[in-house]
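Structure file structure_12.cif; described as mmCIF, C-alpha atoms.
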data_my_file
#
loop_
_atom_site.label_atom_id
_atom_site.label_comp_id
_atom_site.auth_asym_id
_atom_site.auth_seq_id
_atom_site.Cartn_x
_atom_site.Cartn_y
_atom_site.Cartn_z
CA MET A 1 -70.56 25.29 88.18
CA ALA A 2 -71.26 24.99 84.51
CA ILE A 3 -74.86 26.17 84.94
CA THR A 4 -73.68 29.21 86.99
CA ARG A 5 -71.25 30.28 84.26
CA VAL A 6 -73.97 29.99 81.63
CA SER A 7 -76.36 32.14 83.70
CA VAL A 8 -73.70 34.83 84.22
CA ALA A 9 -73.01 34.91 80.49
CA ILE A 10 -76.72 35.29 79.72
CA CYS A 11 -76.99 38.19 82.18
CA LEU A 12 -74.05 39.95 80.56
CA LEU A 13 -75.63 39.56 77.14
CA PHE A 14 -78.91 41.03 78.33
CA SER A 15 -77.16 44.01 79.92
CA LEU A 16 -75.22 44.70 76.76
CA ALA A 17 -78.45 44.56 74.71
CA THR A 18 -80.11 47.02 77.13
CA ILE A 19 -77.25 49.48 76.85
CA ALA A 20 -77.28 49.19 73.05
CA THR A 21 -81.02 49.90 72.77
CA ALA A 22 -81.13 52.82 75.27
CA ASP A 23 -81.99 56.25 73.80
CA TYR A 24 -79.33 58.91 74.12
CA TYR A 25 -80.29 62.39 75.24
CA THR A 26 -80.08 65.34 72.93
CA PRO A 27 -78.00 68.37 73.93
CA SER A 28 -81.07 70.63 73.94
CA SER A 29 -83.01 68.65 76.64
CA PRO A 30 -81.56 67.45 79.91
CA PRO A 31 -81.34 63.76 80.43
CA VAL A 32 -84.30 62.13 82.17
CA HIS A 33 -83.33 59.59 84.75
CA GLN A 34 -85.21 56.39 84.40
CA SER A 35 -85.02 53.67 86.90
CA PRO A 36 -83.58 50.52 85.51
CA VAL A 37 -86.02 47.80 84.79
CA HIS A 38 -84.84 44.63 86.31
CA LYS A 39 -85.72 41.65 84.30
CA PRO A 40 -86.42 38.46 86.09
CA THR A 41 -83.32 36.35 86.31
CA LEU A 42 -83.21 32.65 85.96
CA PRO A 43 -83.77 30.68 89.17
CA PRO A 44 -80.60 29.40 90.75
CA PRO A 45 -79.63 25.97 89.71
CA VAL A 46 -80.69 23.14 91.95
CA TYR A 47 -77.91 20.78 92.71
CA THR A 48 -78.95 17.21 92.45
CA PRO A 49 -76.41 14.85 93.88
CA PRO A 50 -75.40 12.02 91.62
CA THR A 51 -77.09 8.74 92.21
CA HIS A 52 -74.72 5.92 92.85
CA LYS A 53 -75.59 2.62 91.37
CA PRO A 54 -75.55 -0.27 93.75
CA THR A 55 -72.21 -1.97 93.61
CA LEU A 56 -71.82 -5.70 93.32
CA PRO A 57 -71.50 -7.63 96.52
CA PRO A 58 -68.00 -8.70 97.40
CA PRO A 59 -67.07 -12.03 95.94
CA VAL A 60 -67.47 -14.98 98.21
CA TYR A 61 -64.35 -17.09 98.16
CA LYS A 62 -64.95 -20.80 98.52
CA HIS A 63 -62.75 -22.85 100.70
CA THR A 64 -59.86 -24.28 98.83
CA LEU A 65 -58.38 -27.69 99.29
CA SER A 66 -56.22 -28.22 102.26
CA PRO A 67 -52.48 -28.04 101.52
CA PRO A 68 -50.85 -31.41 100.96
CA VAL A 69 -49.04 -32.91 103.85
CA TYR A 70 -45.59 -34.07 102.91
CA THR A 71 -44.41 -37.17 104.73
CA LYS A 72 -40.72 -37.86 104.77
CA PRO A 73 -40.05 -41.41 103.55
CA THR A 74 -38.11 -43.56 105.89
CA ILE A 75 -35.06 -45.23 104.30
CA PRO A 76 -33.88 -48.42 105.99
CA PRO A 77 -30.30 -48.33 107.23
CA PRO A 78 -27.75 -49.96 104.89
CA VAL A 79 -26.74 -53.51 105.68
CA TYR A 80 -23.00 -54.12 105.30
CA THR A 81 -22.12 -57.33 103.52
CA PRO A 82 -18.42 -58.17 103.60
CA PRO A 83 -16.82 -58.92 100.21
CA VAL A 84 -16.28 -62.49 99.23
CA TYR A 85 -12.70 -63.08 98.13
CA LYS A 86 -12.15 -65.62 95.37
CA PRO A 87 -9.18 -68.01 95.66
CA THR A 88 -6.14 -66.66 93.85
CA VAL A 89 -4.19 -68.64 91.24
CA SER A 90 -0.84 -69.91 92.33
CA PRO A 91 2.11 -68.16 90.70
CA PRO A 92 3.67 -70.02 87.73
CA VAL A 93 6.79 -72.03 88.29
CA TYR A 94 9.48 -71.45 85.66
CA THR A 95 11.64 -74.47 84.85
CA LYS A 96 14.88 -73.89 82.91
CA PRO A 97 14.98 -76.22 79.87
CA THR A 98 17.98 -78.41 79.62
CA LEU A 99 19.65 -78.42 76.15
CA PRO A 100 21.48 -81.53 74.98
CA PRO A 101 25.26 -81.11 74.46
CA PRO A 102 26.29 -80.34 70.85
CA VAL A 103 27.54 -83.22 68.78
CA TYR A 104 30.57 -82.36 66.51
CA THR A 105 30.33 -83.60 62.97
CA PRO A 106 33.48 -83.14 60.86
CA PRO A 107 33.04 -81.29 57.56
CA VAL A 108 32.85 -83.26 54.39
CA TYR A 109 35.16 -81.83 51.70
CA LYS A 110 33.96 -81.94 48.15
CA PRO A 111 36.42 -82.82 45.35
CA THR A 112 37.90 -79.71 43.74
CA LEU A 113 37.76 -79.02 39.97
CA PRO A 114 40.93 -79.21 37.93
CA PRO A 115 42.49 -75.88 36.96
CA PRO A 116 41.32 -74.49 33.63
CA VAL A 117 43.51 -74.91 30.62
CA TYR A 118 43.82 -71.70 28.53
CA LYS A 119 44.12 -72.19 24.79
CA LYS A 120 45.78 -69.68 22.54
CA SER A 121 43.16 -67.75 20.62
CA PRO A 122 43.62 -67.26 16.88
CA SER A 123 44.94 -63.91 15.67
CA TYR A 124 42.18 -61.36 15.44
CA SER A 125 42.03 -59.29 12.29
CA PRO A 126 39.59 -56.37 12.39
CA PRO A 127 37.18 -56.17 9.50
CA SER A 128 38.23 -53.88 6.72
CA TYR A 129 35.86 -50.94 6.53
CA VAL A 130 35.37 -49.54 3.07
CA PRO A 131 33.33 -46.35 3.17
CA THR A 132 30.68 -46.25 0.55
CA PRO A 133 30.51 -42.89 -1.20
CA THR A 134 27.27 -41.10 -0.50
CA THR A 135 26.01 -38.38 -2.78
CA TYR A 136 23.93 -35.70 -1.10
CA THR A 137 20.68 -35.16 -2.85
CA PRO A 138 18.98 -32.02 -1.53
CA PRO A 139 15.28 -32.27 -0.96
CA THR A 140 13.29 -31.28 -3.96
CA LYS A 141 11.26 -28.17 -3.31
CA PRO A 142 8.03 -27.63 -5.13
CA TYR A 143 8.42 -25.38 -8.12
CA VAL A 144 7.25 -21.88 -7.38
CA PRO A 145 7.36 -19.55 -10.36
CA LYS A 146 8.84 -16.12 -9.72
CA PRO A 147 6.27 -13.37 -9.60
CA THR A 148 6.43 -11.13 -12.59
CA TYR A 149 5.87 -7.48 -11.81
CA THR A 150 3.43 -5.85 -14.08
CA PRO A 151 3.33 -2.10 -13.50
CA PRO A 152 -0.14 -0.66 -13.23
CA THR A 153 -1.38 0.72 -16.46
CA LYS A 154 -2.06 4.40 -16.22
CA PRO A 155 -5.14 5.67 -17.94
CA TYR A 156 -4.42 7.38 -21.19
CA VAL A 157 -4.52 11.13 -20.81
CA PRO A 158 -4.09 12.98 -24.08
CA GLU A 159 -1.52 15.73 -24.03
CA ILE A 160 -2.95 19.21 -23.85
CA LEU A 161 -1.91 21.23 -26.89
CA LYS A 162 -0.61 24.76 -26.37
CA ALA A 163 -0.84 27.65 -28.80
CA VAL A 164 -0.06 31.38 -28.84
CA ASP A 165 -1.94 33.97 -30.85
CA GLY A 166 -1.94 37.77 -31.11
CA ILE A 167 -2.14 40.80 -33.41
CA ILE A 168 0.70 42.78 -35.03
CA LEU A 169 -0.10 46.38 -36.02
CA CYS A 170 1.72 49.31 -37.59
CA LYS A 171 1.66 52.70 -35.85
CA ASN A 172 2.96 55.38 -38.17
CA GLY A 173 2.16 58.81 -36.81
CA TYR A 174 -1.54 58.97 -36.19
CA GLN A 175 -2.28 55.99 -38.43
CA THR A 176 -2.65 52.49 -37.05
CA TYR A 177 -3.37 49.52 -39.30
CA PRO A 178 -2.71 45.76 -39.28
CA ILE A 179 0.35 44.37 -41.06
CA GLN A 180 -0.07 41.38 -43.32
CA GLY A 181 2.86 38.97 -43.54
CA ALA A 182 4.54 39.97 -40.23
CA LYS A 183 5.94 37.31 -37.91
CA ALA A 184 6.52 36.78 -34.16
CA LYS A 185 8.84 34.38 -32.41
CA ILE A 186 8.63 32.37 -29.16
CA VAL A 187 11.94 31.93 -27.31
CA CYS A 188 11.96 29.13 -24.68
CA SER A 189 14.89 28.27 -22.41
CA GLU A 190 15.43 25.92 -19.49
CA ALA A 191 15.95 27.13 -15.93
CA GLY A 192 19.37 28.75 -15.62
CA SER A 193 20.08 28.59 -19.36
CA TYR A 194 21.02 32.25 -19.62
CA GLU A 195 24.67 31.30 -19.15
CA LYS A 196 27.07 31.10 -22.05
CA GLY A 197 27.17 27.95 -24.15
CA LYS A 198 23.46 27.28 -23.85
CA LYS A 199 21.07 27.57 -26.78
CA ASP A 200 17.46 28.67 -26.68
CA VAL A 201 14.64 27.02 -28.56
CA VAL A 202 13.09 29.49 -31.01
CA ILE A 203 9.75 28.87 -32.69
CA TYR A 204 8.52 31.23 -35.43
CA SER A 205 4.89 31.98 -36.04
CA ASP A 206 3.10 31.84 -39.36
CA PRO A 207 2.79 35.14 -41.28
CA THR A 208 -0.10 37.29 -40.13
CA ASP A 209 -3.26 37.52 -42.19
CA SER A 210 -4.93 40.66 -43.53
CA LYS A 211 -6.15 41.51 -40.02
CA GLY A 212 -2.64 41.19 -38.54
CA TYR A 213 -3.55 37.99 -36.63
CA PHE A 214 -0.85 35.34 -36.05
CA HIS A 215 -1.11 31.85 -34.54
CA VAL A 216 1.60 29.36 -33.54
CA VAL A 217 1.31 25.89 -31.97
CA LEU A 218 3.91 24.80 -29.40
CA THR A 219 4.32 21.07 -30.05
CA ASN A 220 7.57 20.09 -28.34
CA ILE A 221 7.46 22.55 -25.44
CA LYS A 222 6.12 21.10 -22.15
CA ASP A 223 7.05 23.80 -19.66
CA LEU A 224 6.05 27.33 -20.64
CA LEU A 225 7.54 28.87 -17.51
CA HIS A 226 10.61 30.20 -19.41
CA CYS A 227 8.96 31.09 -22.73
CA ARG A 228 8.66 34.65 -24.07
CA VAL A 229 6.89 36.03 -27.14
CA LYS A 230 8.66 38.77 -29.18
CA LEU A 231 8.33 40.60 -32.49
CA TYR A 232 10.37 39.18 -35.38
CA THR A 233 9.93 40.77 -38.83
CA SER A 234 7.64 43.07 -40.81
CA PRO A 235 7.39 43.00 -44.65
CA VAL A 236 6.46 46.70 -44.81
CA GLU A 237 9.62 48.74 -45.45
CA THR A 238 8.09 51.94 -44.13
CA CYS A 239 7.00 50.21 -40.90
CA ASN A 240 9.56 47.62 -39.81
CA ASN A 241 11.04 49.00 -36.58
CA PRO A 242 9.74 46.91 -33.57
CA THR A 243 8.60 48.79 -30.50
CA ASN A 244 8.47 47.66 -26.88
CA VAL A 245 4.74 48.32 -26.55
CA ASN A 246 3.27 45.41 -24.56
CA LYS A 247 6.85 44.05 -24.29
CA GLY A 248 7.24 43.41 -28.00
CA LEU A 249 11.05 43.70 -27.73
CA THR A 250 11.83 42.34 -24.27
CA GLY A 251 9.38 39.49 -24.62
CA VAL A 252 6.09 38.64 -22.99
CA PRO A 253 6.46 35.83 -20.39
CA LEU A 254 3.68 33.30 -20.94
CA SER A 255 3.70 32.39 -17.24
CA MET A 256 2.17 35.81 -16.46
CA TYR A 257 -0.74 35.44 -18.87
CA GLY A 258 -3.88 33.43 -18.54
CA TYR A 259 -5.14 31.13 -21.23
CA ARG A 260 -8.38 30.04 -22.81
CA TYR A 261 -9.07 26.32 -22.63
CA HIS A 262 -11.07 24.69 -25.45
CA SER A 263 -12.26 21.32 -24.14
CA ASP A 264 -13.51 20.14 -27.53
CA LYS A 265 -10.01 20.55 -29.04
CA ASN A 266 -8.06 19.91 -25.77
CA LEU A 267 -6.21 23.15 -26.47
CA LYS A 268 -4.82 25.99 -24.33
CA ILE A 269 -4.50 29.30 -26.19
CA PHE A 270 -2.35 32.12 -24.77
CA ASN A 271 -3.30 35.54 -26.15
CA VAL A 272 -0.61 38.27 -26.20
CA GLY A 273 -0.19 41.74 -27.65
CA PRO A 274 -1.09 43.67 -29.59
CA PHE A 275 2.46 44.36 -30.82
CA TYR A 276 3.46 47.42 -32.88
CA PHE A 277 5.96 48.21 -35.60
CA THR A 278 6.75 51.83 -36.42
CA GLY A 279 8.47 53.90 -39.14
CA HIS A 280 12.17 54.65 -39.67
CA LYS A 281 12.74 56.13 -36.28
CA ALA A 282 15.45 54.59 -34.17
CA ALA A 283 14.08 51.68 -32.17
CA PRO A 284 14.78 51.60 -28.40
CA THR A 285 17.64 49.41 -27.33
CA THR A 286 16.65 45.97 -26.10
CA PRO A 287 17.44 45.61 -22.37
CA LYS A 288 19.77 42.80 -21.44
CA TYR A 289 18.48 40.09 -19.11
#
Please express the file's structure as structure tokens.
Amino acid sequence: MAITRVSVAICLLFSLATIATADYYTPSSPPVHQSPVHKPTLPPPVYTPPTHKPTLPPPVYKHTLSPPVYTKPTIPPPVYTPPVYKPTVSPPVYTKPTLPPPVYTPPVYKPTLPPPVYKKSPSYSPPSYVPTPTTYTPPTKPYVPKPTYTPPTKPYVPEILKAVDGIILCKNGYQTYPIQGAKAKIVCSEAGSYEKGKKDVVIYSDPTDSKGYFHVVLTNIKDLLHCRVKLYTSPVETCNNPTNVNKGLTGVPLSMYGYRYHSDKNLKIFNVGPFYFTGHKAAPTTPKY
């Protein structure tokens, strides 16, 4: 079957090759019929039957041993032997023992002791107990000295000095010039000291120099929160009316001004002003606070 399929496939391939290589006719000339050329085909396959190899001869079974013959053993019949009884022991004979009659022996009385004679004991006097006075001695505790409190020593911090400086000028018409010899005052009061019966601390500055500059050191004042700087006097008769320019009359609160700190002198300097005196015009009234 396999050879037949191969031959059919080869024939198909040859026919396809013939069709592929055939010349096609042109439309101008009619086709010319050519008889097909049959190519010789392969001869048909010859079937050769398979050759069977000679099989082995059947095994020859040898005779086995004959099966064993079982013989049933013969058991002799049992022989009955009657039991041999041994002679039994006669039962024991109990004899009641005879006790002799009791013999009465009268009791022997021992002589009795005479009654005891009680002697009168001497009068008993209890021992006199005299308590010995005992003095309580408390246990002695070891001496422990009382700790002495030594407050920690604070590092020394030098007090920062405070000073106020400024300039006092005279403004008379269109002329403005410094006043020499004028003074300012610093008024300090405690919180709530504006009531009656309370006094303010007043510190006067040194007279101004030729440039109108004054300087005052606040030595005993620690809190500058309630301190104000005001104009005080002017030695110039034609220019001695204080004005309220830069709060020269009402007072400049130092708490509203910054300061310059000089570390080499440990000094805070508050700069105020400039303050002005004027001519003989009426000075404005000082507002009441």
Could you list, as number ranges by chain, every residue matched by the PyMOL selection byres ((chain A and resi 167) around 10) in this structure?
A: 165-166, 168-169, 178-179, 182-184, 208-209, 211-215, 271-276
For Val229 (chain A), the closest of A:Thr250, A:Ser123, A:Ser210, A:Thr243 counting all atoms listed in the file is A:Thr250
Could you please determine the separation between CA of Pro50 (chain A) and CA of Ala9 (chain A) in Å, to one decimal place?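 Straight-line distance from CA of Pro50 (chain A) to CA of Ala9 (chain A) works out to 25.6 Å.
Minimum distance to Ser15 (chain A) across A:Thr81, A:Asn241, A:Thr41, A:Gln175 (counting only C-alpha atoms) occurs at A:Thr41.
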*Once the PyMOL selection byres ((chain A and resi 240) around 10) has been applied to the shown file, what residues remain in the selection, as a PyMOL selection string?*
chain A and resi 170+179+182+232-239+241-243+276-281+283
For this structure, which residues satisfy the selection - the PyMOL selection byres ((chain A and resi 261-269) around 10) - when it is evaluated on the file as given? I want them as a list in words.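 What the PyMOL selection byres ((chain A and resi 261-269) around 10) grabs from the file is Pro158, Glu159, Ile160, Leu161, Lys162, Ala163, Val164, Asp165, His215, Val216, Val217, Gly258, Tyr259, Arg260, Phe270, Asn271 and Val272 of chain A.
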*Find the distance between CA of Ser255 (chain A) and CA of Gly181 (chain A) and write it in Å to one decimal.*
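Between CA of Ser255 (chain A) and CA of Gly181 (chain A) the gap is 27.1 Å.
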What's the separation between CA of Pro155 (chain A) and CA of Leu224 (chain A), in Å to one decimal place?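 Answer for the CA of Pro155 (chain A) to CA of Leu224 (chain A) separation: 24.5 Å.
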